[in-house]
Amino acid sequence: LTELTFPTRVDAALEGAQGLLLLAPARRWKDGWARRALGNVPWRALVDLACTGVEPGRRGRSVGTLNPGSGPTRIVVGSLPDVVSRHNSPSRADAVAAMAQSADVGEGRACVIACVEAPEHALPLALAVARGRPSFTMMTDPSRKRPARSLAFLAVDAEGRPVPLSPAARGVVARMRWAASLVDTPPQMMDTALFEQAVRREAKGMAGVRVTSIVGDALLARRLGGIHAVGRAAAVPPRLQLVEYAPRGARRRIGLVGKGVVYDTGGLALKGREHLVSMKCDMAGAAAVAAAALSLAAARHADAVVAALPLAENAIGPDSYRNDDILTMHSGKTVEINNTDAEGRLLLADGVSFLARERDVDVVIDAATLTGAQSIATGIRHAAVVSNREGLEELAIRAGRESGDLTFPLPFAPELFQDEFRSKVADMKNSVANRANAQSSCAAQFVYAHVEDLDVPWLHVDLAGPAFRDERATGFGVGLLTAVARGITADVLEA
Ligand code: BES
Ligand code: MN
Ligand code: MN
């Protein structure tokens with residue numbers, strides 16, 4: 001487990017560093033950035049040696065010293081691309097993430113210093129570096145290669161001046177790692193009750209934050225029929241956990257909903273063997289929402305935030321909900337179940353309806369590992385977003401490029417897709433007739449159908465692909481959701 005530190009000065013970052021990784025766009029290497037950033041360190045010549053001939057977008061040479069007393073024993077330079085595509089993050093977070101491991105010298109102290117073209121790039125780069133240092137492990141073999149014991153990260157501008165991370169930004173990084181560790185934790189250690197406890201522990205002592213939950217059959221009394229049905233067969237009961245942050249004089253209330261399926265077997269519509277593997281990731285939306293809400297509360301965000309975390313295990317048992325069951329949802333609408341594996345939308349539908357009707361939120365944002373089709377549509381790097389407001393959709397794209405948690409929009413057109421959900425005996429089915437017709441848009445639209453009557457500004461984030469990569473949680477969504485929340489204005493909600 002690597003301890004991450006965010007020093008505010010170059011000399012402090014270099015203090016005791018055995019491995020040093022220097023990152024800068026190719027043209028900054030040419031214009032002498034390293035000299036401005038590092039000043040007169042005795043091992044300057046080594047940096048010059050390392051960066052000669054370094055190619056744009058490539059990792060440069062690694063240079064070792066024989067004199068460990070006077071500086072890092074290993075210096076690696078990385079050249080970041082000069083140009084970044086329109087739909088990528090201008091921070092170059094992807095290139096930084098790809099190279100960040102090369103700072104490590106065994107278990108020694110590592111240091112990453114990165115040149116940023118704008119001060120707001122420091123946070124996405126810190127997130128990228130932190131992402132490569134996951135905090136969950138149950139490995140016991142001491143002979144396995146260990147990551148650096150500690151890693152210092154510092155952004156420096158083109159003039160060589162440090163760009164320190166604000167306390168709020170450091171909070172986002174720490175909670176991103178926390179969210180990822182919840183997702184990485186194996187399902188036998190992360191049932192609905194343990195998830196709830198983890199959130200309570202994280203929220204403990206935070207001023208203005210209230211955590212409550214509605215558990216088991218109490219869900220039915222509160223008309224949360226979707227959450228109850230999905231989770232009722234599991235050994236540990238389903239619940240709706242609420243994390244509410246209410247600062248004095250708040251102008252508006254932001255609602256967040258995160259899909260918290262602690263394990264998705266598919267239910268009676270059981271998934272196949274290959275598709276079960278990795279389904280511990282199905283609470284990544286809830287983890288991201290909890291982390292974002294707590295980050296906003298810790299930073300004393302001016303708007304109130306209400307996070308709703310519907311938590312359920314989609315399990316098989318005598319009490320499982322069935323294909324052919326008809327549920328009455330929180331919205332009052334009835335849903336004929338034709339696929340128990342399309343469970344996430346039932347949790348989200350109850351969550352958004354609850355926030356819109358019982359908490360009177362001014363905007364509702366949901367985040368979920370909702371559809372496998374999402375990564376077909378927008379890929380494993382961009383989450384798919386759907387919204388009933390153009391302003392919110394644009395904010396989501398902007399916040400994605402700003403945070404490094406990229407997004408790309410899918411169509412919002414309920415009248416064109418509603419036939420997919422047509423039922424002969426209920427208001428709708430829960431899964432589409434034609435899975436080749438904009439499946440991720442349709443899933444989003446199912447959620448929207450449960451707040452449609454209220455015309456509340458709504459943004460949906462399907463992060464099924466980006467949340468989990470290479471058998472590891474990415475913490476995707478924490479940076480995005482905090483950036484979206486911070487970007488909400490009256491104009492955004494109007495448009
Ligand atoms: N949790 C899955 C979606 C998922 C798939 C997340 C792969 C991450 C990786 C969701 O509950 C699900 O099963 N979706 C189905 C929907 C279908 C039944 C309409 C899917 O994507 O196949
Ligand atoms: Mn499912
Ligand atoms: Mn699921």
# chains A, B, ... in the order shown; residues from 1 in each chain; ligands from 1
call {"tool": "closest_atom_pairs", "arguments": {"of": "chain A", "to": "ligand 1", "cutoff": "7 Å", "atoms": "only C-alpha atoms and all ligand atoms", "output": "CSV"}}
result
residue,atom,partner,partner_atom_place_in_ligand_line,distance
A:Asp264,CA,ligand 1,1 (N),6.1
A:Gly266,CA,ligand 1,13 (O),6.0
A:Met279,CA,ligand 1,1 (N),6.6
A:Cys281,CA,ligand 1,8 (C),6.9
A:Asp282,CA,ligand 1,1 (N),5.3
A:Asn339,CA,ligand 1,18 (C),5.9
A:Asp341,CA,ligand 1,13 (O),4.6
A:Ala342,CA,ligand 1,18 (C),4.3
A:Glu343,CA,ligand 1,11 (O),5.4
A:Gly344,CA,ligand 1,11 (O),5.2
A:Thr369,CA,ligand 1,6 (C),4.6
A:Leu370,CA,ligand 1,3 (C),4.6
A:Thr371,CA,ligand 1,21 (O),3.6
A:Gly372,CA,ligand 1,21 (O),3.7
A:Ala373,CA,ligand 1,21 (O),5.6
A:Ser431,CA,ligand 1,19 (C),5.1
A:Val432,CA,ligand 1,19 (C),6.5
A:Ala464,CA,ligand 1,8 (C),4.3
A:Gly465,CA,ligand 1,8 (C),6.2
call {"tool": "residues_around", "arguments": {"residues": "Val243 in chain A", "least_positions_apart": "5", "cutoff": "7 Å", "atoms": "only C-alpha atoms", "output": "PyMOL selection string"}}
result
chain A and resi 209-212+306-308
call {"tool": "residues_around", "arguments": {"residues": "Ser91 in chain A", "least_positions_apart": "6", "cutoff": "9 Å", "atoms": "only C-alpha atoms", "output": "ChimeraX atom specification"}}
result
/A:84,116-118,120-125,401-404
call {"tool": "closest_atom_pairs", "arguments": {"of": "range 36-139 of chain A", "to": "range 470-479 of chain A", "cutoff": "12 Å", "atoms": "only C-alpha atoms", "output": "JSON lines"}}
result
{"residue": "A:Ala97", "atom": "CA", "partner": "A:Thr474", "partner_atom": "CA", "distance": 11.2}
{"residue": "A:Leu123", "atom": "CA", "partner": "A:Gly479", "partner_atom": "CA", "distance": 8.6}
{"residue": "A:Pro124", "atom": "CA", "partner": "A:Gly479", "partner_atom": "CA", "distance": 7.8}
{"residue": "A:Leu125", "atom": "CA", "partner": "A:Gly479", "partner_atom": "CA", "distance": 11.1}
{"residue": "A:Ala126", "atom": "CA", "partner": "A:Gly479", "partner_atom": "CA", "distance": 10.7}
{"residue": "A:Leu127", "atom": "CA", "partner": "A:Gly479", "partner_atom": "CA", "distance": 7.9}
{"residue": "A:Ala128", "atom": "CA", "partner": "A:Thr474", "partner_atom": "CA", "distance": 9.3}
{"residue": "A:Val129", "atom": "CA", "partner": "A:Thr474", "partner_atom": "CA", "distance": 11.1}
{"residue": "A:Ala130", "atom": "CA", "partner": "A:Gly475", "partner_atom": "CA", "distance": 9.5}
{"residue": "A:Arg131", "atom": "CA", "partner": "A:Thr474", "partner_atom": "CA", "distance": 6.0}
{"residue": "A:Gly132", "atom": "CA", "partner": "A:Thr474", "partner_atom": "CA", "distance": 8.4}
{"residue": "A:Arg133", "atom": "CA", "partner": "A:Thr474", "partner_atom": "CA", "distance": 10.0}
{"residue": "A:Pro134", "atom": "CA", "partner": "A:Ala473", "partner_atom": "CA", "distance": 8.2}
{"residue": "A:Ser135", "atom": "CA", "partner": "A:Ala473", "partner_atom": "CA", "distance": 10.4}
{"residue": "A:Phe136", "atom": "CA", "partner": "A:Arg472", "partner_atom": "CA", "distance": 9.6}
{"residue": "A:Thr137", "atom": "CA", "partner": "A:Arg472", "partner_atom": "CA", "distance": 10.7}
call {"tool": "select_by_dssp", "arguments": {"residues": "range 27-183 of chain A", "states": "strand (DSSP E or B)", "output": "number ranges by chain"}}
result
A: 59-64, 74-80, 109-116, 150-157, 162-163
call {"tool": "residues_around", "arguments": {"residues": "range 442-446 of chain A", "least_positions_apart": "2", "cutoff": "7 Å", "atoms": "only C-alpha atoms", "output": "PyMOL selection string"}}
result
chain A and resi 345+386+414+417+438-440+448-449+460
call {"tool": "closest_residue", "arguments": {"among": "A:Leu80, A:Ile365, A:Ala168, A:Leu276", "to": "ligand 3", "atoms": "only C-alpha atoms and all ligand atoms"}}
result
A:Leu276
call {"tool": "closest_residue", "arguments": {"among": "A:Ile488, A:Ala221, A:Ala284, A:Leu355", "to": "ligand 3", "atoms": "only C-alpha atoms and all ligand atoms"}}
result
A:Ala284
call {"tool": "residues_around", "arguments": {"residues": "Asp48 in chain A", "least_positions_apart": "6", "cutoff": "12 Å", "atoms": "only C-alpha atoms", "output": "compact mmCIF listing (two decimals) with C-alpha atoms, in the first residue's frame"}}
result
# COMPACT_ATOMS: atom_id res chain seq x y z
CA LEU A 22 9.67 13.86 -14.49
CA TRP A 29 11.40 19.58 -22.47
CA LYS A 30 12.75 21.54 -25.44
CA GLY A 32 14.12 24.16 -20.75
CA TRP A 33 11.28 23.45 -18.32
CA ALA A 34 13.31 21.04 -16.23
CA ARG A 35 15.94 23.67 -15.46
CA LEU A 38 14.44 21.86 -10.54
CA VAL A 41 20.20 20.40 -8.08
CA VAL A 54 12.98 11.91 -25.83
CA GLY A 60 12.33 8.60 -22.11
CA ARG A 61 15.53 7.11 -20.88
CA SER A 62 16.04 5.96 -17.34
CA VAL A 63 19.26 7.19 -15.79
CA ILE A 75 15.64 9.31 -12.81
CA VAL A 76 13.12 8.65 -15.57
CA VAL A 77 11.75 11.29 -17.87
call {"tool": "closest_atom_pairs", "arguments": {"of": "range 295-356 of chain A", "to": "range 250-259 of chain A", "cutoff": "9 Å", "atoms": "only C-alpha atoms", "output": "Markdown table"}}
result
| residue | atom | partner | partner_atom | distance |
| --- | --- | --- | --- | --- |
| A:His301 | CA | A:Ala250 | CA | 9.0 |
| A:Ala302 | CA | A:Ala250 | CA | 5.8 |
| A:Asp303 | CA | A:Ala250 | CA | 4.9 |
| A:Ala304 | CA | A:Arg253 | CA | 4.6 |
| A:Val305 | CA | A:Ile254 | CA | 4.8 |
| A:Val306 | CA | A:Gly255 | CA | 4.9 |
| A:Ala307 | CA | A:Leu256 | CA | 4.6 |
| A:Ala308 | CA | A:Val257 | CA | 4.8 |
| A:Leu309 | CA | A:Gly258 | CA | 5.3 |
| A:Pro310 | CA | A:Lys259 | CA | 6.1 |
| A:Leu311 | CA | A:Lys259 | CA | 7.2 |
| A:Ala312 | CA | A:Lys259 | CA | 8.9 |
| A:Gly344 | CA | A:Lys259 | CA | 6.2 |
| A:Arg345 | CA | A:Lys259 | CA | 8.3 |
| A:Leu347 | CA | A:Lys259 | CA | 6.6 |
| A:Leu348 | CA | A:Lys259 | CA | 6.3 |
| A:Gly351 | CA | A:Val257 | CA | 6.0 |
| A:Val352 | CA | A:Val257 | CA | 6.5 |
| A:Leu355 | CA | A:Gly255 | CA | 6.3 |
| A:Ala356 | CA | A:Gly255 | CA | 7.9 |
call {"tool": "write_last_selection", "arguments": {"atoms": "N, CA and C atoms", "output": "mmCIF file, in the first residue's frame"}}
result
data_model
loop_
_atom_site.group_PDB
_atom_site.id
_atom_site.type_symbol
_atom_site.label_atom_id
_atom_site.label_comp_id
_atom_site.auth_asym_id
_atom_site.auth_seq_id
_atom_site.Cartn_x
_atom_site.Cartn_y
_atom_site.Cartn_z
ATOM 1 N N HIS A 301 -19.186 22.692 0.357
ATOM 2 C CA HIS A 301 -19.828 23.153 -0.872
ATOM 3 C C HIS A 301 -21.067 23.991 -0.526
ATOM 4 N N ALA A 302 -21.325 25.022 -1.326
ATOM 5 C CA ALA A 302 -22.399 25.966 -0.999
ATOM 6 C C ALA A 302 -23.797 25.368 -1.167
ATOM 7 N N ASP A 303 -23.929 24.399 -2.076
ATOM 8 C CA ASP A 303 -25.238 23.769 -2.288
ATOM 9 C C ASP A 303 -25.394 22.556 -1.368
ATOM 10 N N ALA A 304 -26.657 22.265 -1.018
ATOM 11 C CA ALA A 304 -26.920 21.040 -0.263
ATOM 12 C C ALA A 304 -26.776 19.840 -1.201
ATOM 13 N N VAL A 305 -26.380 18.709 -0.633
ATOM 14 C CA VAL A 305 -26.223 17.483 -1.414
ATOM 15 C C VAL A 305 -26.958 16.357 -0.690
ATOM 16 N N VAL A 306 -27.818 15.661 -1.425
ATOM 17 C CA VAL A 306 -28.469 14.475 -0.861
ATOM 18 C C VAL A 306 -28.069 13.292 -1.712
ATOM 19 N N ALA A 307 -27.335 12.359 -1.115
ATOM 20 C CA ALA A 307 -26.938 11.165 -1.859
ATOM 21 C C ALA A 307 -27.825 10.009 -1.435
ATOM 22 N N ALA A 308 -28.400 9.320 -2.419
ATOM 23 C CA ALA A 308 -29.220 8.143 -2.153
ATOM 24 C C ALA A 308 -28.487 6.926 -2.702
ATOM 25 N N LEU A 309 -28.223 5.972 -1.814
ATOM 26 C CA LEU A 309 -27.482 4.781 -2.215
ATOM 27 C C LEU A 309 -28.387 3.562 -2.062
ATOM 28 N N PRO A 310 -29.054 3.150 -3.147
ATOM 29 C CA PRO A 310 -29.835 1.916 -3.068
ATOM 30 C C PRO A 310 -28.875 0.724 -3.081
ATOM 31 N N LEU A 311 -28.874 -0.059 -1.997
ATOM 32 C CA LEU A 311 -27.928 -1.163 -1.837
ATOM 33 C C LEU A 311 -28.682 -2.487 -1.843
ATOM 34 N N ALA A 312 -28.255 -3.398 -2.696
ATOM 35 C CA ALA A 312 -28.930 -4.691 -2.788
ATOM 36 C C ALA A 312 -27.988 -5.712 -3.383
ATOM 37 N N GLY A 344 -30.414 -2.981 -12.078
ATOM 38 C CA GLY A 344 -29.880 -1.682 -11.655
ATOM 39 C C GLY A 344 -30.866 -0.556 -11.880
ATOM 40 N N ARG A 345 -31.569 -0.603 -13.003
ATOM 41 C CA ARG A 345 -32.517 0.469 -13.324
ATOM 42 C C ARG A 345 -33.671 0.529 -12.323
ATOM 43 N N LEU A 347 -33.333 -0.111 -9.082
ATOM 44 C CA LEU A 347 -32.769 0.612 -7.921
ATOM 45 C C LEU A 347 -32.715 2.107 -8.203
ATOM 46 N N LEU A 348 -32.228 2.448 -9.407
ATOM 47 C CA LEU A 348 -32.073 3.871 -9.739
ATOM 48 C C LEU A 348 -33.419 4.562 -9.838
ATOM 49 N N GLY A 351 -34.577 5.330 -6.524
ATOM 50 C CA GLY A 351 -33.686 6.349 -5.941
ATOM 51 C C GLY A 351 -34.002 7.740 -6.466
ATOM 52 N N VAL A 352 -34.102 7.897 -7.784
ATOM 53 C CA VAL A 352 -34.359 9.244 -8.328
ATOM 54 C C VAL A 352 -35.760 9.719 -7.948
ATOM 55 N N LEU A 355 -35.723 10.939 -4.311
ATOM 56 C CA LEU A 355 -35.090 12.256 -4.138
ATOM 57 C C LEU A 355 -35.953 13.376 -4.707
ATOM 58 N N ALA A 356 -36.569 13.123 -5.861
ATOM 59 C CA ALA A 356 -37.368 14.170 -6.501
ATOM 60 C C ALA A 356 -38.668 14.425 -5.738
#
call {"tool": "residues_around", "arguments": {"residues": "Ala207 in chain A", "least_positions_apart": "4", "cutoff": "10 Å", "atoms": "only C-alpha atoms", "output": "list in words"}}
result
Ala203, Tyr245, Ala246, Pro247, Ala297, Ala298 and Arg300 of chain A
call {"tool": "write_last_selection", "arguments": {"atoms": "C-alpha atoms", "output": "PDB file, in the first residue's frame"}}
result
ATOM      1  CA  ALA A 203     -18.853  10.249   7.219  1.00  0.00           C
ATOM      2  CA  TYR A 245     -25.287  17.421   3.629  1.00  0.00           C
ATOM      3  CA  ALA A 246     -27.123  20.669   4.307  1.00  0.00           C
ATOM      4  CA  PRO A 247     -25.072  23.842   4.700  1.00  0.00           C
ATOM      5  CA  ALA A 297     -19.373  18.151   2.271  1.00  0.00           C
ATOM      6  CA  ALA A 298     -15.752  18.200   3.444  1.00  0.00           C
ATOM      7  CA  ARG A 300     -18.160  22.967   2.538  1.00  0.00           C
TER       8      ARG A 300
END
